[in-house]
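Shown next, in structure tokens, is the structure this report addresses.
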Amino acid sequence: MTMKYNGLLALCLAFMLLPAAVSCEAQTRGGASPGSAPASTAKSPGAAAWNEAVGWDLFQGGIEDAEARVFQSPDFQKYLLVPSGTLDAMVLGLKTKDFALVKRSQLTLTSDAATISGALPTAAGSFARAGSDITFKSAGGAWKLAPEPPLIGEISKADLLVKKKDYLVLARAYKPKNAAVSLIKNIRQPIEITVFFGTWCSSCKHYLPGFMKTIEMAANPSITVRYIGISEDMSEPEALLTANVVTKTPTFIARSAGQELGRIVEKPKGSIEEDLALLLLGAR
């Protein structure tokens with residue numbers, strides 16, 4: 001392919017020497033649904049890391065809080081709900097059906113985990129459960145925690161961002177490295193990228209928004225993208241998974257003239273935009 005970028009070889013070599021990214025393995029919604037966990041108390045310490053529980057939506061007054069985050073305790077007995085803004089976080093005791101309020105100053109959040117300093121406070125109220133949905137009232141109004149409807153099969157970018165508002169928020173906030181975006185922007189060879197992802201997958205939430213922002217910034221008409229949602233048991237859409245030999249999420253597959261150029265599976269070695277640039281240049 002013809003490139004118009006000085007220092008390409010040096011940049012590619014620099015990319016190859018980048019350290020591996022922090023692992024963000026695909027996971028389900030914590031392995032437990034509300035009401036199915038072992039007995040709990042609202043006074044359990046939260047010093048251990050609570051993993052992000054992907055695949056849940058938090059609603060306030062009937063409106064989805066796209067910037068809210070949900071975490072599950074190491075023993076799968078509680079959920080930590082961190083709404084956007086400055087409102088207190090909430091810890092749900094799944095067996096006891098109660099919730100406690102946690103001050104923001106007690107929380108330490110990372111890209112995929114949370115810790116709570118000190119002991120958890122006593123319960124501030126109770127919640128109701130209808131199927132997998134949890135509803136309760138607290139400061140800030142009426143709240144509902146509900147599982148996301150699964151996205152299975154091919155979906156357009158526009159529809160994906162409507163249904164996955166958290167992806168939209170994360171994509172807007174992501175800042176790809178300009179050098180990698182420039183490389184991708186200058187590719188002239190027609191390339192199709194097929195992205196296999198799961199709404200239940202933490203690695204997908206970690207890397208897919210950055211990929212989408214990178215493609216948007218590159219604005220390269222020679223690159224087209226297909227998005228394929230996968231069921232949590234990795235069985236659907238069966239024909240596409242089988243034809244593309246996909247067994248892990250996310251999987252990014254690049255093809256040109258029907259021939260596979262390569263793929264990124266689960267996580268990039270560097271940033272998603274750097275690995276994508278190397279892949280499309282045949283240097284990964």
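Letters A, B, ... mark the chains of the structure tokens in the order given; residue numbers begin at 1 per chain; ligand numbers begin at 1, in order shown.
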
Per DSSP on the backbone, filter segment 51-170 of chain A down to the residues in helix (DSSP H, G or I) and report them as a list in words. Arg104, Ser105, Gln106, Lys157, Ala158, Asp159, Leu160, Leu161, Val162, Lys163, Lys165, Asp166, Tyr167, Leu168, Val169 and Leu170 of chain A

Go ahead and write the selection's residues with C-alpha atoms as a short mmCIF file (atom, residue, chain, number, x, y, z; two decimals), in the first residue's frame.
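Once written, selection_30.cif looks like this:
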data_model
loop_
_atom_site.label_atom_id
_atom_site.label_comp_id
_atom_site.auth_asym_id
_atom_site.auth_seq_id
_atom_site.Cartn_x
_atom_site.Cartn_y
_atom_site.Cartn_z
CA ARG A 104 -17.46 9.05 47.48
CA SER A 105 -14.45 9.69 49.67
CA GLN A 106 -14.45 5.99 50.59
CA LYS A 157 -22.52 1.48 14.74
CA ALA A 158 -25.40 3.92 15.16
CA ASP A 159 -27.69 1.31 16.71
CA LEU A 160 -24.86 -0.01 18.89
CA LEU A 161 -24.22 3.43 20.38
CA VAL A 162 -27.94 3.93 21.00
CA LYS A 163 -28.24 0.60 22.82
CA LYS A 165 -24.82 4.40 25.91
CA ASP A 166 -21.84 3.58 28.12
CA TYR A 167 -19.81 2.81 24.96
CA LEU A 168 -20.81 6.22 23.59
CA VAL A 169 -19.70 7.99 26.77
CA LEU A 170 -16.38 6.11 26.85
#

Counting only C-alpha atoms, the residue among A:Val91, A:Ala179, A:Ala142, A:Ile116 that lies closest to Ser271 of chain A is A:Ala179

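Closest to Pro147 of chain A among A:Val54, A:Ile253, A:Ile223, A:Ile215 is A:Val54, based on only C-alpha atoms.
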
Can you tell me which residues surround Leu92 of chain A at a distance of at most 9 Å, considering only C-alpha atoms, apart from same-chain residues fewer than 6 positions away, and format the answer as a PyMOL selection string? chain A and resi 42+77-81+98-100+123+126-127

Write out, as a JSON list (two decimals), in the first residue's frame, the residues just selected, with N, CA and C atoms.
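To be explicit, this is the file written out as again_30.json:
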[["chain", "number", "residue", "atom", "x", "y", "z"],
["A", 42, "ALA", "N", -24.62, -6.09, 55.29],
["A", 42, "ALA", "CA", -24.20, -4.80, 54.76],
["A", 42, "ALA", "C", -22.95, -4.29, 55.47],
["A", 77, "GLN", "N", -21.61, -11.50, 46.80],
["A", 77, "GLN", "CA", -22.76, -11.31, 47.68],
["A", 77, "GLN", "C", -23.38, -9.91, 47.58],
["A", 78, "LYS", "N", -22.66, -8.98, 46.97],
["A", 78, "LYS", "CA", -23.13, -7.59, 46.95],
["A", 78, "LYS", "C", -22.79, -6.93, 45.62],
["A", 79, "TYR", "N", -23.56, -5.89, 45.30],
["A", 79, "TYR", "CA", -23.26, -5.02, 44.17],
["A", 79, "TYR", "C", -22.98, -3.61, 44.68],
["A", 80, "LEU", "N", -22.00, -2.96, 44.08],
["A", 80, "LEU", "CA", -21.70, -1.56, 44.35],
["A", 80, "LEU", "C", -22.14, -0.75, 43.14],
["A", 81, "LEU", "N", -23.05, 0.18, 43.35],
["A", 81, "LEU", "CA", -23.56, 1.03, 42.28],
["A", 81, "LEU", "C", -22.97, 2.43, 42.45],
["A", 98, "ASP", "N", -31.24, -5.40, 51.05],
["A", 98, "ASP", "CA", -31.15, -4.05, 51.57],
["A", 98, "ASP", "C", -30.01, -3.31, 50.87],
["A", 99, "PHE", "N", -29.91, -2.02, 51.13],
["A", 99, "PHE", "CA", -28.82, -1.24, 50.54],
["A", 99, "PHE", "C", -28.25, -0.28, 51.58],
["A", 100, "ALA", "N", -26.96, 0.01, 51.41],
["A", 100, "ALA", "CA", -26.26, 0.97, 52.27],
["A", 100, "ALA", "C", -25.66, 2.05, 51.39],
["A", 123, "ALA", "N", -27.42, -0.74, 56.83],
["A", 123, "ALA", "CA", -28.41, -0.58, 55.77],
["A", 123, "ALA", "C", -29.20, 0.71, 55.95],
["A", 126, "SER", "N", -34.40, -0.86, 52.05],
["A", 126, "SER", "CA", -34.54, -2.16, 51.40],
["A", 126, "SER", "C", -34.87, -1.97, 49.93],
["A", 127, "PHE", "N", -34.71, -3.05, 49.15],
["A", 127, "PHE", "CA", -35.08, -2.99, 47.74],
["A", 127, "PHE", "C", -36.07, -4.09, 47.41]]

Return the single residue from A:Ala277, A:Ala68, A:Cys201, A:Ile191 that is closest to Gln259 of chain A, with distances computed using only C-alpha atoms. A:Ile191
